[in-house]
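my_file.txt (compact mmCIF, C-alpha atoms) appears below.
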```
# COMPACT_ATOMS: atom_id res chain seq x y z
CA ASN A 1 -130.85 -14.87 114.80
CA ALA A 2 -128.52 -11.87 114.56
CA GLY A 3 -129.69 -10.54 111.17
CA VAL A 4 -127.08 -8.26 109.58
CA THR A 5 -124.00 -7.49 111.66
CA GLN A 6 -121.50 -4.80 110.75
CA THR A 7 -118.04 -4.46 112.21
CA PRO A 8 -116.57 -2.17 113.33
CA LYS A 9 -119.21 0.29 114.52
CA PHE A 10 -116.85 3.26 114.64
CA ARG A 11 -113.46 3.94 113.13
CA VAL A 12 -111.14 6.89 112.65
CA LEU A 13 -108.60 6.63 109.83
CA LYS A 14 -105.83 8.85 108.67
CA THR A 15 -105.76 9.89 105.03
CA GLY A 16 -104.06 7.20 102.97
CA GLN A 17 -104.70 4.35 105.42
CA SER A 18 -106.61 1.28 104.36
CA MET A 19 -109.32 -0.69 106.11
CA THR A 20 -111.98 -3.31 105.56
CA LEU A 21 -115.56 -3.16 106.75
CA LEU A 22 -117.24 -6.49 107.36
CA CYS A 23 -120.90 -7.28 106.83
CA ALA A 24 -122.18 -10.66 107.96
CA GLN A 25 -125.71 -12.04 107.62
CA ASP A 26 -127.09 -15.29 108.97
CA MET A 27 -130.34 -15.39 106.98
CA ASN A 28 -129.00 -17.16 103.91
CA HIS A 29 -129.81 -14.12 101.78
CA GLU A 30 -128.57 -14.06 98.21
CA TYR A 31 -128.36 -10.32 97.73
CA MET A 32 -126.11 -8.00 99.71
CA TYR A 33 -125.45 -4.27 99.41
CA TRP A 34 -123.17 -1.54 100.68
CA TYR A 35 -124.56 1.98 100.99
CA ARG A 36 -123.11 5.20 102.29
CA GLN A 37 -125.09 7.96 103.97
CA ASP A 38 -123.93 11.53 104.11
CA PRO A 39 -125.63 14.38 106.02
CA GLY A 40 -128.78 15.60 104.33
CA MET A 41 -128.71 12.85 101.75
CA GLY A 42 -130.34 9.54 101.30
CA LEU A 43 -128.38 6.34 101.09
CA ARG A 44 -126.30 5.87 97.95
CA LEU A 45 -125.33 2.46 96.66
CA ILE A 46 -121.59 1.73 96.52
CA HIS A 47 -121.45 -1.92 95.43
CA TYR A 48 -123.74 -4.89 95.55
CA SER A 49 -123.69 -8.66 95.13
CA VAL A 50 -126.31 -11.04 93.80
CA GLY A 51 -124.61 -14.15 95.09
CA GLU A 52 -121.44 -15.73 96.38
CA GLY A 53 -118.49 -14.84 94.19
CA THR A 54 -120.28 -12.00 92.37
CA THR A 55 -120.00 -8.25 92.81
CA ALA A 56 -121.12 -5.22 90.81
CA LYS A 57 -120.75 -1.46 90.94
CA GLY A 58 -123.43 0.79 92.25
CA GLU A 59 -123.89 4.53 92.02
CA VAL A 60 -120.72 5.67 93.84
CA PRO A 61 -118.09 2.88 93.56
CA ASP A 62 -114.91 4.93 93.15
CA GLY A 63 -112.35 4.43 95.91
CA TYR A 64 -113.95 1.21 97.17
CA ASN A 65 -113.53 -2.48 96.47
CA VAL A 66 -115.67 -5.38 97.61
CA SER A 67 -115.50 -9.13 97.86
CA ARG A 68 -118.01 -11.87 98.53
CA LEU A 69 -116.04 -15.05 98.95
CA LYS A 70 -118.64 -16.56 101.27
CA LYS A 71 -122.39 -16.17 100.90
CA GLN A 72 -122.82 -14.80 104.40
CA ASN A 73 -120.09 -12.15 104.21
CA PHE A 74 -119.71 -9.01 102.12
CA LEU A 75 -116.52 -7.02 102.64
CA LEU A 76 -116.01 -3.37 101.74
CA GLY A 77 -112.44 -2.19 101.37
CA LEU A 78 -110.92 1.26 101.28
CA GLU A 79 -107.42 0.99 99.86
CA SER A 80 -106.33 4.60 100.46
CA ALA A 81 -108.85 6.49 102.55
CA ALA A 82 -109.71 10.09 101.71
CA PRO A 83 -111.61 12.68 103.79
CA SER A 84 -114.42 12.50 101.20
CA GLN A 85 -115.04 8.95 102.40
CA THR A 86 -116.06 10.17 105.84
CA SER A 87 -119.57 8.81 106.08
CA VAL A 88 -121.87 6.30 107.71
CA TYR A 89 -121.81 2.98 105.90
CA PHE A 90 -124.77 0.62 105.91
CA CYS A 91 -124.89 -2.95 104.76
CA ALA A 92 -128.15 -4.59 103.73
CA SER A 93 -129.29 -8.00 102.53
CA ARG A 94 -132.41 -9.60 101.10
CA ARG A 95 -133.73 -12.82 99.67
CA THR A 96 -134.42 -13.18 95.98
CA GLY A 97 -138.04 -12.68 94.93
CA THR A 98 -140.26 -9.65 94.60
CA ASN A 99 -142.09 -9.64 97.89
CA TYR A 100 -139.19 -9.54 100.28
CA GLY A 101 -137.88 -6.57 102.18
CA TYR A 102 -134.36 -5.52 103.01
CA THR A 103 -132.57 -6.05 106.32
CA PHE A 104 -130.14 -3.31 107.26
CA GLY A 105 -127.18 -3.47 109.60
CA SER A 106 -126.65 -0.93 112.36
CA GLY A 107 -124.04 1.03 110.41
CA THR A 108 -120.35 1.88 110.62
CA ARG A 109 -119.42 5.47 111.31
CA LEU A 110 -116.12 6.20 109.56
CA THR A 111 -114.13 9.41 109.92
CA VAL A 112 -111.09 10.06 107.74
CA VAL A 113 -108.81 12.83 109.03
CA GLU B 1 -130.67 7.92 85.68
CA LEU B 2 -133.32 7.21 88.26
CA LYS B 3 -134.25 10.16 90.45
CA VAL B 4 -136.26 9.87 93.63
CA GLU B 5 -137.45 13.16 95.08
CA GLN B 6 -139.11 13.72 98.41
CA ASN B 7 -141.14 16.72 99.34
CA PRO B 8 -140.82 18.42 101.74
CA LEU B 9 -137.27 17.82 102.96
CA PHE B 10 -137.99 19.42 106.33
CA LEU B 11 -141.32 19.37 108.10
CA SER B 12 -142.15 20.89 111.45
CA MET B 13 -145.64 20.25 112.66
CA GLN B 14 -147.71 20.44 115.79
CA GLU B 15 -149.03 17.47 117.64
CA GLY B 16 -152.49 16.54 116.52
CA LYS B 17 -152.11 17.85 112.99
CA ASN B 18 -152.20 15.93 109.72
CA TYR B 19 -149.69 16.12 106.93
CA THR B 20 -148.48 14.28 103.82
CA ILE B 21 -144.97 13.53 102.57
CA TYR B 22 -144.62 13.02 98.82
CA CYS B 23 -142.22 10.77 96.96
CA ASN B 24 -141.85 11.16 93.20
CA TYR B 25 -139.69 8.93 91.07
CA SER B 26 -138.58 9.14 87.47
CA THR B 27 -138.72 5.60 86.10
CA THR B 28 -141.04 2.64 85.91
CA SER B 29 -141.29 0.77 89.15
CA ASP B 30 -143.78 -1.37 90.99
CA ARG B 31 -141.89 -1.66 94.25
CA LEU B 32 -141.59 1.17 96.71
CA TYR B 33 -140.44 1.12 100.31
CA TRP B 34 -140.76 3.54 103.19
CA TYR B 35 -138.25 3.64 106.03
CA ARG B 36 -137.88 5.52 109.25
CA GLN B 37 -134.52 6.54 110.69
CA ASP B 38 -133.92 7.93 114.17
CA PRO B 39 -130.74 9.97 114.76
CA GLY B 40 -127.68 7.78 114.90
CA LYS B 41 -129.71 4.64 114.16
CA SER B 42 -130.26 2.28 111.27
CA LEU B 43 -133.27 2.16 108.98
CA GLU B 44 -136.52 0.69 110.19
CA SER B 45 -138.88 -0.69 107.56
CA LEU B 46 -142.33 0.89 107.62
CA PHE B 47 -144.12 -0.15 104.44
CA VAL B 48 -143.58 -2.20 101.32
CA LEU B 49 -145.83 -1.21 98.40
CA LEU B 50 -145.82 -3.72 95.56
CA SER B 51 -148.58 -2.74 93.17
CA ASN B 52 -150.48 0.19 91.73
CA GLY B 53 -153.10 1.40 94.15
CA ALA B 54 -151.51 -0.32 97.13
CA VAL B 55 -152.41 1.26 100.44
CA LYS B 56 -151.01 0.24 103.80
CA GLN B 57 -151.63 1.61 107.25
CA GLU B 58 -149.87 1.22 110.57
CA GLY B 59 -151.00 3.33 113.47
CA ARG B 60 -150.92 7.00 112.50
CA LEU B 61 -149.09 6.38 109.22
CA MET B 62 -150.62 5.44 105.90
CA ALA B 63 -148.72 4.92 102.66
CA SER B 64 -150.04 4.66 99.12
CA LEU B 65 -148.61 4.03 95.67
CA ASP B 66 -149.71 5.32 92.27
CA THR B 67 -147.40 3.73 89.72
CA LYS B 68 -148.98 5.58 86.79
CA ALA B 69 -148.18 8.94 88.36
CA ARG B 70 -144.91 7.58 89.77
CA LEU B 71 -145.91 8.91 93.15
CA SER B 72 -146.12 7.59 96.66
CA THR B 73 -147.47 9.40 99.68
CA LEU B 74 -146.93 8.93 103.39
CA HIS B 75 -149.81 10.45 105.32
CA ILE B 76 -149.49 11.29 108.99
CA THR B 77 -152.67 11.50 111.01
CA ALA B 78 -152.85 13.34 114.34
CA ALA B 79 -149.10 13.53 114.74
CA VAL B 80 -147.43 12.75 118.06
CA HIS B 81 -143.92 13.60 119.24
CA ASP B 82 -142.78 9.97 118.89
CA LEU B 83 -143.13 10.26 115.12
CA SER B 84 -140.22 12.73 114.99
CA ALA B 85 -137.62 11.10 112.74
CA THR B 86 -136.33 11.14 109.17
CA TYR B 87 -138.45 9.28 106.64
CA PHE B 88 -137.07 7.86 103.42
CA CYS B 89 -138.76 6.42 100.40
CA ALA B 90 -136.82 4.04 98.17
CA VAL B 91 -137.62 2.62 94.76
CA VAL B 92 -136.57 -0.50 92.87
CA PRO B 93 -136.77 0.19 89.12
CA LYS B 94 -138.28 -2.44 86.88
CA GLU B 95 -135.78 -4.50 84.94
CA THR B 96 -132.89 -3.74 87.23
CA SER B 97 -130.40 -6.34 88.33
CA GLY B 98 -129.96 -7.12 91.98
CA SER B 99 -133.15 -5.35 93.14
CA ARG B 100 -131.15 -2.26 93.94
CA LEU B 101 -132.85 0.38 96.05
CA THR B 102 -132.57 4.04 95.10
CA PHE B 103 -133.37 6.37 97.98
CA GLY B 104 -134.89 9.80 98.19
CA GLU B 105 -133.09 12.49 100.19
CA GLY B 106 -135.27 11.97 103.22
CA THR B 107 -137.86 14.10 105.02
CA GLN B 108 -136.84 15.27 108.47
CA LEU B 109 -140.01 15.42 110.53
CA THR B 110 -140.21 17.28 113.84
CA VAL B 111 -143.43 17.07 115.82
CA ASN B 112 -143.73 19.83 118.40
CA PRO B 113 -145.86 19.56 121.55
```
Would you mind writing the file out in C-alpha cells?
Amino acid sequence: NAGVTQTPKFRVLKTGQSMTLLCAQDMNHEYMYWYRQDPGMGLRLIHYSVGEGTTAKGEVPDGYNVSRLKKQNFLLGLESAAPSQTSVYFCASRRTGTNYGYTFGSGTRLTVV
Amino acid sequence: ELKVEQNPLFLSMQEGKNYTIYCNYSTTSDRLYWYRQDPGKSLESLFVLLSNGAVKQEGRLMASLDTKARLSTLHITAAVHDLSATYFCAVVPKETSGSRLTFGEGTQLTVNP
C-alpha cells in the first residue's frame, strides 16, 4: 500500500517552460488536493477535486491547471512557469466522511529559474 | 475569508520545560488537525479534533479544542530534543465543499539541550 505518491520529487524549470506534476493514490479516496508551501508559510490550497472528473479552485489557483481523469490520479500543470512558482508542492487525499484524516505525499520541490 | 493564526511562530525552549502553542481561527469549524513537519519532509498527522472540548494526548503532546472560542492548543510537556520540528494546525470550516484544509503559518519549535 503506497499511499500518496508524487512524481517527480525534484525539478528545475526555466521561466516559460511547462510541466506536469503527478499525484497518484491507491486508497480509493474521493477527495484530492494540491497545496504549495513557501518558506515561513503554511500550506496554501491551489486546486482540489471531490471526485473523478471534477476540479475546483482553491486559494491560489492562478498559473496552474489540474485534471482528474482517473479517480486515483490528480495532475497539476504549469503552462508557463514563473519564478514565483518556485515552491514545494504537496498532494493530499482523503475519504469522504467527517472522521477521516488526510494522507499527504512526500512533496515535489520545484525551482523556476 | 478564513484566517488561521498560530502563536508563537518561533519557539526556542529548553529540554524539560513545558510550553503551549495556540491556534486561533476566524470561522465556525468543528474539525481541527495538528501536523508535524521535519525539515525537508512531508506532514505527519498528530491529532484530529472533531468536537468541542476534545482532548487528545500522545506522549509529551496534548491537543485540545474549544470551538466556542475558536481556539486549539498544543501543549508540550517536559520537552525533549526530538520534538524539534515545525507544527501546523489546520481547520476545515463548516459548510465548505471538499473538506478543504486551511493551514496556520506554522510554529517552528527548537528544543535545546
Residues near Pro113 (chain B), cut-off 9 Å, all atoms listed in the file, skip fewer than 5 positions along chain, as a list in words: Met13, Gln14, Glu15, Gly16, Val80 and His81 of chain B
Which neighbours of Asn65 (chain A) fall inside 7 Å, counting only C-alpha atoms, when residues of the same chain fewer than 6 positions from it are skipped, and could you give them as an MDAnalysis selection string? chainID A and resid 76:78
Specify as a list in words all residues of chain A found within 7 Å of chain B, counting all atoms listed in the file.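 The complete set of qualifying residues is Tyr31, Gly40, Met41, Gly42, Leu43, Val50, Phe104, Gly105, Ser106 and Gly107 of chain A.
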If I take CA of Ala2 (chain A) and CA of Val92 (chain B), how far is one from the other in Å, to one decimal? 25.8 Å
Mind giving me the straight-line distance from CA of Tyr22 (chain B) to CA of Pro93 (chain B) in Å, one decimal?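 CA of Pro93 (chain B) lies at a distance of 17.9 Å from CA of Tyr22 (chain B).
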Identify, on the basis of all atoms listed in the file, every residue whose closest approach to region 92-100 of chain A does not exceed 6 Å; exclude the query and any residue fewer than 3 positions from it along the same chain; express the result as a short mmCIF file (atom, residue, chain, number, x, y, z; two decimals) with C-alpha atoms, in the frame of the given file.
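The file below, around.cif, is the result:
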```cif
data_model
loop_
_atom_site.label_atom_id
_atom_site.label_comp_id
_atom_site.auth_asym_id
_atom_site.auth_seq_id
_atom_site.Cartn_x
_atom_site.Cartn_y
_atom_site.Cartn_z
CA HIS A 29 -129.81 -14.12 101.78
CA GLU A 30 -128.57 -14.06 98.21
CA TYR A 31 -128.36 -10.32 97.73
CA MET A 32 -126.11 -8.00 99.71
CA TYR A 33 -125.45 -4.27 99.41
CA THR A 103 -132.57 -6.05 106.32
CA PHE A 104 -130.14 -3.31 107.26
#
```
Please, what distance in Å, to one decimal, runs between CA of Val66 (chain A) and CA of Ile46 (chain A)?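 Interatomic distance here is 9.3 Å.
Comparing the minimum interatomic distances between Asp62 (chain A) and each of A:Val12, A:Val113, A:Ala82, A:Gln25, counting only C-alpha atoms, we find that A:Ala82 sits nearest.
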List the spatial neighbours of Leu13 (chain A) as a PDB file with C-alpha atoms, in the frame of the given file - criterion: any atom at most 10 Å away, all atoms listed in the file, same-chain residues fewer than 2 positions off excluded.
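Result file follows (around11.pdb):
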```
ATOM      1  CA  ARG A  11    -113.460   3.940 113.130  1.00  0.00           C
ATOM      2  CA  THR A  15    -105.760   9.890 105.030  1.00  0.00           C
ATOM      3  CA  GLY A  16    -104.060   7.200 102.970  1.00  0.00           C
ATOM      4  CA  GLN A  17    -104.700   4.350 105.420  1.00  0.00           C
ATOM      5  CA  SER A  18    -106.610   1.280 104.360  1.00  0.00           C
ATOM      6  CA  MET A  19    -109.320  -0.690 106.110  1.00  0.00           C
ATOM      7  CA  SER A  80    -106.330   4.600 100.460  1.00  0.00           C
ATOM      8  CA  ALA A  81    -108.850   6.490 102.550  1.00  0.00           C
ATOM      9  CA  ALA A  82    -109.710  10.090 101.710  1.00  0.00           C
ATOM     10  CA  PRO A  83    -111.610  12.680 103.790  1.00  0.00           C
ATOM     11  CA  THR A  86    -116.060  10.170 105.840  1.00  0.00           C
ATOM     12  CA  LEU A 110    -116.120   6.200 109.560  1.00  0.00           C
ATOM     13  CA  THR A 111    -114.130   9.410 109.920  1.00  0.00           C
ATOM     14  CA  VAL A 112    -111.090  10.060 107.740  1.00  0.00           C
ATOM     15  CA  VAL A 113    -108.810  12.830 109.030  1.00  0.00           C
TER      16      VAL A 113
END
```
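For the choices A:Gly63, A:Gly51, A:Pro39, A:Lys70, the atom-to-atom distance to Thr86 (chain B) is smallest for A:Pro39 when using all atoms listed in the file.
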One residue among A:Ala56, A:Ser84, A:Asn73, A:Tyr89 is nearest to Arg44 (chain A) when using only C-alpha atoms, and that residue is A:Tyr89
Neighbour list for His75 (chain B) as a CSV table (one decimal) with C-alpha atoms, keeping the file's coordinate frame, cut-off 6 Å, all atoms listed in the file, skip fewer than 5 positions in-chain:
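around-v2.csv, freshly written:
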```
chain,number,residue,atom,x,y,z
B,19,TYR,CA,-149.7,16.1,106.9
B,20,THR,CA,-148.5,14.3,103.8
B,61,LEU,CA,-149.1,6.4,109.2
B,62,MET,CA,-150.6,5.4,105.9
```
Residue nearest Pro8 (chain A) - candidates A:Tyr48, A:Tyr64, A:Tyr35, A:Phe90, atoms counted: all atoms listed in the file: A:Phe90
What would the file be for region 3-95 of chain B if you keep C-alpha atoms and write it as a short mmCIF file (atom, residue, chain, number, x, y, z; two decimals), in the first residue's frame?
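Done, and the output landed in part07.cif:
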```cif
data_model
loop_
_atom_site.label_atom_id
_atom_site.label_comp_id
_atom_site.auth_asym_id
_atom_site.auth_seq_id
_atom_site.Cartn_x
_atom_site.Cartn_y
_atom_site.Cartn_z
CA LYS B 3 -7.83 33.04 8.85
CA VAL B 4 -5.86 30.59 10.94
CA GLU B 5 -3.26 32.15 13.20
CA GLN B 6 -0.64 30.36 15.24
CA ASN B 7 1.17 31.80 18.17
CA PRO B 8 4.10 31.86 18.61
CA LEU B 9 5.66 31.44 15.16
CA PHE B 10 9.07 30.66 16.63
CA LEU B 11 9.68 28.92 19.92
CA SER B 12 13.01 28.07 21.47
CA MET B 13 12.82 26.14 24.69
CA GLN B 14 14.98 24.08 26.97
CA GLU B 15 14.63 20.39 27.46
CA GLY B 16 12.40 19.56 30.35
CA LYS B 17 10.26 22.69 30.09
CA ASN B 18 6.57 22.99 29.30
CA TYR B 19 5.00 25.24 26.74
CA THR B 20 1.79 25.79 24.76
CA ILE B 21 1.24 26.63 21.10
CA TYR B 22 -2.01 28.42 20.28
CA CYS B 23 -4.12 28.17 17.14
CA ASN B 24 -6.91 30.70 16.59
CA TYR B 25 -9.29 30.57 13.67
CA SER B 26 -11.86 33.01 12.37
CA THR B 27 -14.85 30.93 11.29
CA THR B 28 -17.10 28.20 12.56
CA SER B 29 -15.48 24.81 12.49
CA ASP B 30 -15.68 21.55 14.35
CA ARG B 31 -12.70 19.87 12.76
CA LEU B 32 -9.14 20.79 13.56
CA TYR B 33 -5.94 18.96 12.76
CA TRP B 34 -2.40 19.19 14.07
CA TYR B 35 0.59 18.19 11.97
CA ARG B 36 4.29 17.94 12.48
CA GLN B 37 6.83 18.64 9.73
CA ASP B 38 10.54 17.91 9.90
CA PRO B 39 12.86 19.86 7.58
CA GLY B 40 12.59 18.67 4.00
CA LYS B 41 9.86 16.16 4.89
CA SER B 42 6.13 15.81 4.44
CA LEU B 43 3.46 16.38 7.05
CA GLU B 44 2.89 13.84 9.78
CA SER B 45 -0.55 13.74 11.36
CA LEU B 46 -0.53 14.24 15.12
CA PHE B 47 -4.11 14.84 16.22
CA VAL B 48 -7.60 15.08 14.80
CA LEU B 49 -10.03 17.06 16.98
CA LEU B 50 -13.65 16.66 15.95
CA SER B 51 -15.78 18.23 18.67
CA ASN B 52 -15.91 20.97 21.24
CA GLY B 53 -13.94 20.02 24.31
CA ALA B 54 -12.00 17.30 22.53
CA VAL B 55 -8.68 16.49 24.16
CA LYS B 56 -6.12 14.07 22.81
CA GLN B 57 -2.73 13.08 24.12
CA GLU B 58 0.22 11.26 22.62
CA GLY B 59 3.41 11.06 24.59
CA ARG B 60 4.54 14.56 25.57
CA LEU B 61 1.98 16.30 23.36
CA MET B 62 -1.61 17.12 24.23
CA ALA B 63 -4.07 18.93 21.99
CA SER B 64 -7.43 20.45 22.85
CA LEU B 65 -10.23 22.20 21.00
CA ASP B 66 -12.62 24.92 22.14
CA THR B 67 -14.97 25.58 19.25
CA LYS B 68 -16.80 28.39 21.06
CA ALA B 69 -13.58 30.34 21.49
CA ARG B 70 -12.32 29.15 18.08
CA LEU B 71 -9.11 28.09 19.74
CA SER B 72 -6.97 25.00 19.83
CA THR B 73 -3.89 24.45 21.93
CA LEU B 74 -0.96 22.08 21.60
CA HIS B 75 0.71 21.61 24.96
CA ILE B 76 4.23 20.27 25.24
CA THR B 77 5.22 18.63 28.49
CA ALA B 78 8.86 18.17 29.52
CA ALA B 79 10.20 18.88 26.06
CA VAL B 80 12.93 16.73 24.53
CA HIS B 81 15.19 17.46 21.57
CA ASP B 82 13.31 15.01 19.34
CA LEU B 83 10.28 17.30 19.43
CA SER B 84 12.17 19.96 17.43
CA ALA B 85 10.10 20.47 14.26
CA THR B 86 7.52 22.79 12.74
CA TYR B 87 3.96 22.30 13.96
CA PHE B 88 0.92 23.28 11.93
CA CYS B 89 -2.71 23.49 12.82
CA ALA B 90 -5.30 23.26 10.06
CA VAL B 91 -9.02 23.88 10.08
CA VAL B 92 -11.93 22.69 7.96
CA PRO B 93 -14.70 25.32 8.03
CA LYS B 94 -18.27 24.17 8.45
CA GLU B 95 -20.31 24.14 5.28
#
```
